[in-house]
Amino acid sequence: MIKAVFFDAVGTLFRLTKTVGDHYAYIGREVGLNLDPQALERAFHAAWKRMPQRAAIDGPRENDDKGWWRELVDHVLEEVAPSLNEFDRDNFFEIAYEHFAEASVWELYPEVSGVLEKLQPRFQLVVVSNFDGRLRFILEHLGISKYFVHVFVSSELGADKPDPEIYRRAIGLMSLKPNEVLHVGDDPKRDWEAATAAGLSIFRLDRPKNSLRDLATFLES
């Protein structure tokens with residue numbers, strides 16, 4: 001008997017309005033840099049893959065994971081603008097950190113609000129994400145925070161996807177059993193494999209093959 005539905009955030013509930021490279025190029029212009037969006041896009045995805053997986057720790061991580069994001073941005077800038085001085089890197093990062101907390105940077109997938117409204121009376125709805133405290137501002141700005149009873153982020157739980165521990169900790173904080181939770185996400189490793197390893201049921205979101213409308217149908221069957 002499913003009592004709660006866990007949702008991934010980025011790629012499941014909402015997405016960037018443009019590519020990461022486009023957003024990074026905009027940030028560059030804000031600090032007087034002319035950086036190529038496509039080069040930034042390639043560098044970001046390469047840096048994202050290189051970032052090492054972290055072991056779970058007891059309690060929240062330091063400074064809401066801001067240092068982790070700074071390391072990621074440094075990798076991107078080292079690839080695209082290696083001659084950039086430390087002052088410009090600091091400026092770029094601080095603007096980027098604030099930029100990605102702004103509502104205008106993100107957009108909901110079209111069906112999200114309607115599906116959440118339909119599911120809320122029947123299930124406890126929860127977000128479980130490899131994000132930090134900025135996620136709550138984003139959900140609020142996008143008008144969907146009202147649907148969720150909890151927003152669990154890796155920086156506060158001390159565990160990241162694809163470590164199944166992030167799901168175990170979320171379940172424990174809600175006093176639920178794994179078989180009472182369905183997790184919804186778009187990433188085969190971080191969402192599907194990790195949640196399954198924690199004992200949760202899963203809904204494989206694989207746009208454009210399906211959408212959250214199919215989740216609503218799935219839960220009615």
# chains A, B, ... in the order shown; residues from 1 in each chain; ligands from 1

$ residues_around --residues "range 128-143 of chain A" --least-positions-apart "2" --cutoff "6 Å" --atoms "only C-alpha atoms" --output "JSON list (two decimals) with N, CA and C atoms, in the first residue's frame"
[["chain", "number", "residue", "atom", "x", "y", "z"],
["A", 7, "PHE", "N", 9.65, 12.40, -5.10],
["A", 7, "PHE", "CA", 9.98, 12.95, -6.42],
["A", 7, "PHE", "C", 11.41, 13.46, -6.44],
["A", 8, "ASP", "N", 12.13, 13.13, -7.50],
["A", 8, "ASP", "CA", 13.34, 13.85, -7.84],
["A", 8, "ASP", "C", 12.93, 15.27, -8.22],
["A", 9, "ALA", "N", 13.90, 16.17, -8.31],
["A", 9, "ALA", "CA", 13.57, 17.58, -8.62],
["A", 9, "ALA", "C", 13.91, 17.93, -10.07],
["A", 64, "ASP", "N", 26.02, 24.01, 3.50],
["A", 64, "ASP", "CA", 24.97, 23.67, 2.54],
["A", 64, "ASP", "C", 25.54, 23.29, 1.17],
["A", 101, "ALA", "N", 19.31, 30.10, -8.11],
["A", 101, "ALA", "CA", 18.21, 30.08, -7.13],
["A", 101, "ALA", "C", 17.04, 30.95, -7.58],
["A", 103, "ALA", "N", 13.82, 32.16, -9.80],
["A", 103, "ALA", "CA", 12.69, 31.48, -10.42],
["A", 103, "ALA", "C", 12.76, 31.51, -11.94],
["A", 145, "SER", "N", 5.58, 24.34, -3.90],
["A", 145, "SER", "CA", 6.02, 23.90, -2.57],
["A", 145, "SER", "C", 4.85, 23.49, -1.69],
["A", 152, "PHE", "N", 13.58, 16.93, 1.10],
["A", 152, "PHE", "CA", 14.83, 16.38, 1.60],
["A", 152, "PHE", "C", 15.93, 16.63, 0.57],
["A", 153, "VAL", "N", 17.00, 17.31, 0.99],
["A", 153, "VAL", "CA", 18.11, 17.58, 0.09],
["A", 153, "VAL", "C", 19.38, 16.93, 0.62],
["A", 154, "SER", "N", 20.24, 16.53, -0.29],
["A", 154, "SER", "CA", 21.42, 15.76, 0.08],
["A", 154, "SER", "C", 22.35, 16.52, 1.01],
["A", 155, "SER", "N", 22.44, 17.84, 0.85],
["A", 155, "SER", "CA", 23.34, 18.61, 1.70],
["A", 155, "SER", "C", 22.93, 18.54, 3.17],
["A", 160, "ASP", "N", 24.18, 11.38, -0.76],
["A", 160, "ASP", "CA", 23.85, 11.76, -2.14],
["A", 160, "ASP", "C", 23.37, 10.54, -2.92]]

$ residues_around --residues "Gly32 in chain A" --least-positions-apart "4" --cutoff "12 Å" --atoms "only C-alpha atoms" --output "short mmCIF file (atom, residue, chain, number, x, y, z; two decimals) with C-alpha atoms, in the first residue's frame"
data_model
loop_
_atom_site.label_atom_id
_atom_site.label_comp_id
_atom_site.auth_asym_id
_atom_site.auth_seq_id
_atom_site.Cartn_x
_atom_site.Cartn_y
_atom_site.Cartn_z
CA ALA A 25 27.65 32.48 -20.62
CA TYR A 26 25.09 34.96 -19.27
CA ILE A 27 26.81 34.89 -15.88
CA GLY A 28 30.13 35.48 -17.63
CA LEU A 84 41.08 33.66 -15.31
CA ASP A 88 37.10 36.86 -11.44
CA ARG A 89 36.48 33.23 -10.47
CA ASN A 91 32.79 36.86 -8.81
CA PHE A 92 31.63 34.32 -11.37
#

$ closest_residue --among "A:Ala96, A:Ile144, A:Gln53, A:Arg42" --to "Leu108 in chain A" --atoms "only C-alpha atoms"
A:Ile144

$ residues_around --residues "Glu165 in chain A" --least-positions-apart "3" --cutoff "10 Å" --atoms "only C-alpha atoms" --output "PDB file with N, CA, C and O atoms, in the first residue's frame"
ATOM      1  N   ALA A  55      31.011   9.694   0.272  1.00  0.00           N
ATOM      2  CA  ALA A  55      30.431   8.758   1.237  1.00  0.00           C
ATOM      3  C   ALA A  55      29.464   9.503   2.142  1.00  0.00           C
ATOM      4  O   ALA A  55      29.631  10.691   2.426  1.00  0.00           O
ATOM      5  N   ALA A  56      28.431   8.791   2.586  1.00  0.00           N
ATOM      6  CA  ALA A  56      27.459   9.387   3.508  1.00  0.00           C
ATOM      7  C   ALA A  56      28.131   9.730   4.837  1.00  0.00           C
ATOM      8  O   ALA A  56      29.036   9.034   5.285  1.00  0.00           O
ATOM      9  N   ILE A  57      27.697  10.829   5.435  1.00  0.00           N
ATOM     10  CA  ILE A  57      28.184  11.229   6.745  1.00  0.00           C
ATOM     11  C   ILE A  57      26.991  11.399   7.683  1.00  0.00           C
ATOM     12  O   ILE A  57      25.843  11.463   7.243  1.00  0.00           O
ATOM     13  N   LEU A 157      20.791  15.913   4.453  1.00  0.00           N
ATOM     14  CA  LEU A 157      20.731  14.515   4.889  1.00  0.00           C
ATOM     15  C   LEU A 157      22.119  13.902   5.023  1.00  0.00           C
ATOM     16  O   LEU A 157      22.287  12.887   5.692  1.00  0.00           O
ATOM     17  N   GLY A 158      23.112  14.498   4.351  1.00  0.00           N
ATOM     18  CA  GLY A 158      24.473  13.968   4.440  1.00  0.00           C
ATOM     19  C   GLY A 158      24.706  12.760   3.564  1.00  0.00           C
ATOM     20  O   GLY A 158      25.669  12.010   3.785  1.00  0.00           O
ATOM     21  N   ALA A 159      23.860  12.542   2.584  1.00  0.00           N
ATOM     22  CA  ALA A 159      24.012  11.420   1.650  1.00  0.00           C
ATOM     23  C   ALA A 159      23.504  11.850   0.283  1.00  0.00           C
ATOM     24  O   ALA A 159      22.531  12.599   0.184  1.00  0.00           O
ATOM     25  N   ASP A 160      24.179  11.384  -0.760  1.00  0.00           N
ATOM     26  CA  ASP A 160      23.848  11.758  -2.136  1.00  0.00           C
ATOM     27  C   ASP A 160      23.368  10.539  -2.918  1.00  0.00           C
ATOM     28  O   ASP A 160      23.890   9.434  -2.740  1.00  0.00           O
ATOM     29  N   LYS A 161      22.444  10.759  -3.844  1.00  0.00           N
ATOM     30  CA  LYS A 161      22.219   9.760  -4.871  1.00  0.00           C
ATOM     31  C   LYS A 161      23.531   9.624  -5.673  1.00  0.00           C
ATOM     32  O   LYS A 161      24.203  10.625  -5.895  1.00  0.00           O
ATOM     33  N   PRO A 162      23.925   8.441  -6.106  1.00  0.00           N
ATOM     34  CA  PRO A 162      23.158   7.191  -6.121  1.00  0.00           C
ATOM     35  C   PRO A 162      23.319   6.303  -4.892  1.00  0.00           C
ATOM     36  O   PRO A 162      23.004   5.120  -4.957  1.00  0.00           O
ATOM     37  N   ARG A 168      16.967   5.819   2.409  1.00  0.00           N
ATOM     38  CA  ARG A 168      16.745   5.206   3.726  1.00  0.00           C
ATOM     39  C   ARG A 168      16.556   6.278   4.801  1.00  0.00           C
ATOM     40  O   ARG A 168      15.708   6.163   5.686  1.00  0.00           O
ATOM     41  N   ARG A 169      17.345   7.332   4.713  1.00  0.00           N
ATOM     42  CA  ARG A 169      17.239   8.398   5.710  1.00  0.00           C
ATOM     43  C   ARG A 169      15.924   9.163   5.564  1.00  0.00           C
ATOM     44  O   ARG A 169      15.290   9.512   6.566  1.00  0.00           O
ATOM     45  N   ALA A 170      15.510   9.413   4.336  1.00  0.00           N
ATOM     46  CA  ALA A 170      14.236  10.105   4.124  1.00  0.00           C
ATOM     47  C   ALA A 170      13.084   9.277   4.658  1.00  0.00           C
ATOM     48  O   ALA A 170      12.173   9.799   5.328  1.00  0.00           O
ATOM     49  N   ILE A 171      13.104   7.991   4.377  1.00  0.00           N
ATOM     50  CA  ILE A 171      12.054   7.089   4.867  1.00  0.00           C
ATOM     51  C   ILE A 171      12.041   7.060   6.387  1.00  0.00           C
ATOM     52  O   ILE A 171      10.986   7.114   7.021  1.00  0.00           O
ATOM     53  N   ALA A 194      19.155   3.333  -7.427  1.00  0.00           N
ATOM     54  CA  ALA A 194      19.390   3.638  -6.011  1.00  0.00           C
ATOM     55  C   ALA A 194      18.130   3.452  -5.171  1.00  0.00           C
ATOM     56  O   ALA A 194      18.178   2.896  -4.070  1.00  0.00           O
ATOM     57  N   ALA A 195      16.986   3.921  -5.680  1.00  0.00           N
ATOM     58  CA  ALA A 195      15.745   3.768  -4.923  1.00  0.00           C
ATOM     59  C   ALA A 195      15.348   2.292  -4.819  1.00  0.00           C
ATOM     60  O   ALA A 195      14.868   1.843  -3.771  1.00  0.00           O
ATOM     61  N   ALA A 197      17.423  -0.213  -4.760  1.00  0.00           N
ATOM     62  CA  ALA A 197      18.341  -0.803  -3.785  1.00  0.00           C
ATOM     63  C   ALA A 197      17.918  -0.514  -2.348  1.00  0.00           C
ATOM     64  O   ALA A 197      18.218  -1.286  -1.435  1.00  0.00           O
ATOM     65  N   ALA A 198      17.224   0.615  -2.146  1.00  0.00           N
ATOM     66  CA  ALA A 198      16.725   0.973  -0.810  1.00  0.00           C
ATOM     67  C   ALA A 198      15.388   0.302  -0.502  1.00  0.00           C
ATOM     68  O   ALA A 198      14.848   0.495   0.590  1.00  0.00           O
TER      69      ALA A 198
END

$ residues_around --residues "Leu200 in chain A" --least-positions-apart "5" --cutoff "12 Å" --atoms "only C-alpha atoms" --output "PDB file with N, CA and C atoms, in the first residue's frame"
ATOM      1  N   MET A   1       0.841  -1.193   0.000  1.00  0.00           N
ATOM      2  CA  MET A   1       0.000   0.000   0.000  1.00  0.00           C
ATOM      3  C   MET A   1       0.879   1.248   0.000  1.00  0.00           C
ATOM      4  N   ILE A   2       0.888   1.981  -1.088  1.00  0.00           N
ATOM      5  CA  ILE A   2       1.721   3.172  -1.185  1.00  0.00           C
ATOM      6  C   ILE A   2       1.110   4.302  -0.353  1.00  0.00           C
ATOM      7  N   LYS A   3       1.924   4.856   0.567  1.00  0.00           N
ATOM      8  CA  LYS A   3       1.492   5.968   1.397  1.00  0.00           C
ATOM      9  C   LYS A   3       2.143   7.292   0.993  1.00  0.00           C
ATOM     10  N   ALA A   4       3.327   7.189   0.395  1.00  0.00           N
ATOM     11  CA  ALA A   4       4.067   8.402   0.036  1.00  0.00           C
ATOM     12  C   ALA A   4       4.673   8.251  -1.349  1.00  0.00           C
ATOM     13  N   VAL A   5       4.755   9.368  -2.055  1.00  0.00           N
ATOM     14  CA  VAL A   5       5.414   9.407  -3.358  1.00  0.00           C
ATOM     15  C   VAL A   5       6.576  10.384  -3.266  1.00  0.00           C
ATOM     16  N   PHE A   6       7.777   9.866  -3.502  1.00  0.00           N
ATOM     17  CA  PHE A   6       8.978  10.692  -3.522  1.00  0.00           C
ATOM     18  C   PHE A   6       9.241  11.146  -4.957  1.00  0.00           C
ATOM     19  N   PRO A 164      22.001   4.585  -1.914  1.00  0.00           N
ATOM     20  CA  PRO A 164      20.641   4.318  -1.421  1.00  0.00           C
ATOM     21  C   PRO A 164      20.369   4.894  -0.031  1.00  0.00           C
ATOM     22  N   GLU A 165      21.440   5.268   0.660  1.00  0.00           N
ATOM     23  CA  GLU A 165      21.280   5.790   2.022  1.00  0.00           C
ATOM     24  C   GLU A 165      20.419   7.043   2.056  1.00  0.00           C
ATOM     25  N   ILE A 166      20.458   7.857   1.013  1.00  0.00           N
ATOM     26  CA  ILE A 166      19.636   9.073   1.015  1.00  0.00           C
ATOM     27  C   ILE A 166      18.155   8.718   1.112  1.00  0.00           C
ATOM     28  N   TYR A 167      17.755   7.643   0.448  1.00  0.00           N
ATOM     29  CA  TYR A 167      16.355   7.207   0.517  1.00  0.00           C
ATOM     30  C   TYR A 167      16.039   6.593   1.876  1.00  0.00           C
ATOM     31  N   ARG A 168      16.967   5.819   2.409  1.00  0.00           N
ATOM     32  CA  ARG A 168      16.745   5.206   3.726  1.00  0.00           C
ATOM     33  C   ARG A 168      16.556   6.278   4.801  1.00  0.00           C
ATOM     34  N   ALA A 170      15.510   9.413   4.336  1.00  0.00           N
ATOM     35  CA  ALA A 170      14.236  10.105   4.124  1.00  0.00           C
ATOM     36  C   ALA A 170      13.084   9.277   4.658  1.00  0.00           C
ATOM     37  N   ILE A 171      13.104   7.991   4.377  1.00  0.00           N
ATOM     38  CA  ILE A 171      12.054   7.089   4.867  1.00  0.00           C
ATOM     39  C   ILE A 171      12.041   7.060   6.387  1.00  0.00           C
ATOM     40  N   LEU A 176       8.312   5.647   7.774  1.00  0.00           N
ATOM     41  CA  LEU A 176       7.660   4.797   6.779  1.00  0.00           C
ATOM     42  C   LEU A 176       8.504   3.554   6.525  1.00  0.00           C
ATOM     43  N   LYS A 177       7.890   2.565   5.896  1.00  0.00           N
ATOM     44  CA  LYS A 177       8.605   1.381   5.445  1.00  0.00           C
ATOM     45  C   LYS A 177       8.884   1.523   3.946  1.00  0.00           C
ATOM     46  N   PRO A 178       9.970   0.916   3.462  1.00  0.00           N
ATOM     47  CA  PRO A 178      10.296   1.050   2.036  1.00  0.00           C
ATOM     48  C   PRO A 178       9.157   0.659   1.099  1.00  0.00           C
ATOM     49  N   ASN A 179       8.410  -0.379   1.464  1.00  0.00           N
ATOM     50  CA  ASN A 179       7.327  -0.831   0.562  1.00  0.00           C
ATOM     51  C   ASN A 179       6.105   0.083   0.597  1.00  0.00           C
ATOM     52  N   GLU A 180       6.174   1.146   1.397  1.00  0.00           N
ATOM     53  CA  GLU A 180       5.083   2.118   1.443  1.00  0.00           C
ATOM     54  C   GLU A 180       5.391   3.362   0.596  1.00  0.00           C
ATOM     55  N   VAL A 181       6.535   3.327  -0.109  1.00  0.00           N
ATOM     56  CA  VAL A 181       6.995   4.511  -0.835  1.00  0.00           C
ATOM     57  C   VAL A 181       7.253   4.177  -2.312  1.00  0.00           C
ATOM     58  N   LEU A 182       6.799   5.060  -3.173  1.00  0.00           N
ATOM     59  CA  LEU A 182       7.107   5.015  -4.601  1.00  0.00           C
ATOM     60  C   LEU A 182       7.990   6.206  -4.927  1.00  0.00           C
ATOM     61  N   HIS A 183       9.117   5.952  -5.605  1.00  0.00           N
ATOM     62  CA  HIS A 183       9.989   7.057  -6.010  1.00  0.00           C
ATOM     63  C   HIS A 183       9.862   7.301  -7.498  1.00  0.00           C
ATOM     64  N   VAL A 184       9.799   8.587  -7.863  1.00  0.00           N
ATOM     65  CA  VAL A 184       9.648   9.013  -9.252  1.00  0.00           C
ATOM     66  C   VAL A 184      10.877   9.821  -9.654  1.00  0.00           C
ATOM     67  N   ASP A 191      18.168   7.555  -9.583  1.00  0.00           N
ATOM     68  CA  ASP A 191      16.770   7.379  -9.168  1.00  0.00           C
ATOM     69  C   ASP A 191      16.332   5.918  -9.209  1.00  0.00           C
ATOM     70  N   TRP A 192      16.420   5.301 -10.363  1.00  0.00           N
ATOM     71  CA  TRP A 192      15.859   3.957 -10.515  1.00  0.00           C
ATOM     72  C   TRP A 192      16.642   2.911  -9.722  1.00  0.00           C
ATOM     73  N   GLU A 193      17.956   2.851  -9.949  1.00  0.00           N
ATOM     74  CA  GLU A 193      18.765   1.828  -9.288  1.00  0.00           C
ATOM     75  C   GLU A 193      18.887   2.085  -7.791  1.00  0.00           C
ATOM     76  N   ALA A 194      19.155   3.333  -7.427  1.00  0.00           N
ATOM     77  CA  ALA A 194      19.390   3.638  -6.011  1.00  0.00           C
ATOM     78  C   ALA A 194      18.130   3.452  -5.171  1.00  0.00           C
ATOM     79  N   ALA A 195      16.986   3.921  -5.680  1.00  0.00           N
ATOM     80  CA  ALA A 195      15.745   3.768  -4.923  1.00  0.00           C
ATOM     81  C   ALA A 195      15.348   2.292  -4.819  1.00  0.00           C
TER      82      ALA A 195
END

$ residues_around --residues "Leu35 in chain A" --least-positions-apart "4" --cutoff "12 Å" --atoms "only C-alpha atoms" --output "compact mmCIF listing (two decimals) with N, CA and C atoms, in the first residue's frame"
# COMPACT_ATOMS: atom_id res chain seq x y z
N GLY A 21 25.18 25.79 -20.41
CA GLY A 21 26.16 26.64 -21.10
C GLY A 21 25.64 28.04 -21.36
N ASP A 22 24.37 28.14 -21.77
CA ASP A 22 23.77 29.45 -21.99
C ASP A 22 23.72 30.27 -20.70
N HIS A 23 23.34 29.61 -19.63
CA HIS A 23 23.26 30.31 -18.34
C HIS A 23 24.65 30.74 -17.86
N TYR A 24 25.64 29.86 -18.02
CA TYR A 24 27.00 30.22 -17.62
C TYR A 24 27.54 31.37 -18.46
N ALA A 25 27.21 31.39 -19.76
CA ALA A 25 27.65 32.48 -20.62
C ALA A 25 27.03 33.80 -20.18
N TYR A 26 25.76 33.75 -19.78
CA TYR A 26 25.09 34.96 -19.27
C TYR A 26 25.79 35.45 -18.00
N ILE A 27 26.11 34.53 -17.11
CA ILE A 27 26.81 34.89 -15.88
C ILE A 27 28.17 35.51 -16.21
N GLY A 28 28.85 34.93 -17.20
CA GLY A 28 30.13 35.48 -17.63
C GLY A 28 30.00 36.93 -18.08
N ARG A 29 28.96 37.20 -18.86
CA ARG A 29 28.76 38.59 -19.32
C ARG A 29 28.53 39.53 -18.16
N GLU A 30 27.89 39.03 -17.10
CA GLU A 30 27.64 39.86 -15.92
C GLU A 30 28.94 40.32 -15.25
N VAL A 31 30.01 39.53 -15.43
CA VAL A 31 31.29 39.91 -14.82
C VAL A 31 32.32 40.31 -15.88
N ALA A 39 31.10 25.65 -25.43
CA ALA A 39 32.28 25.19 -24.71
C ALA A 39 31.96 25.04 -23.21
N LEU A 40 31.20 25.98 -22.68
CA LEU A 40 30.78 25.91 -21.28
C LEU A 40 29.90 24.68 -21.04
N GLU A 41 29.01 24.40 -21.98
CA GLU A 41 28.12 23.24 -21.86
C GLU A 41 28.94 21.95 -21.80
N ALA A 43 32.10 21.61 -21.03
CA ALA A 43 32.94 21.60 -19.83
C ALA A 43 32.13 21.26 -18.59
N VAL A 76 34.94 23.83 -14.46
CA VAL A 76 34.42 24.37 -15.72
C VAL A 76 35.29 25.53 -16.20
N LEU A 77 35.59 26.46 -15.32
CA LEU A 77 36.38 27.63 -15.70
C LEU A 77 37.82 27.26 -16.05
N GLU A 79 38.69 24.68 -17.58
CA GLU A 79 38.64 24.14 -18.93
C GLU A 79 38.42 25.23 -19.97
N VAL A 80 37.52 26.16 -19.68
CA VAL A 80 37.10 27.16 -20.67
C VAL A 80 37.92 28.45 -20.61
N ALA A 81 38.32 28.85 -19.40
CA ALA A 81 39.05 30.11 -19.24
C ALA A 81 40.18 29.92 -18.22
N PRO A 82 41.20 29.13 -18.56
CA PRO A 82 42.24 28.77 -17.58
C PRO A 82 43.06 29.95 -17.07
N LEU A 84 41.90 32.80 -16.16
CA LEU A 84 41.08 33.66 -15.31
C LEU A 84 41.66 33.76 -13.90
N PHE A 92 32.43 35.20 -10.54
CA PHE A 92 31.63 34.32 -11.37
C PHE A 92 30.84 33.35 -10.51
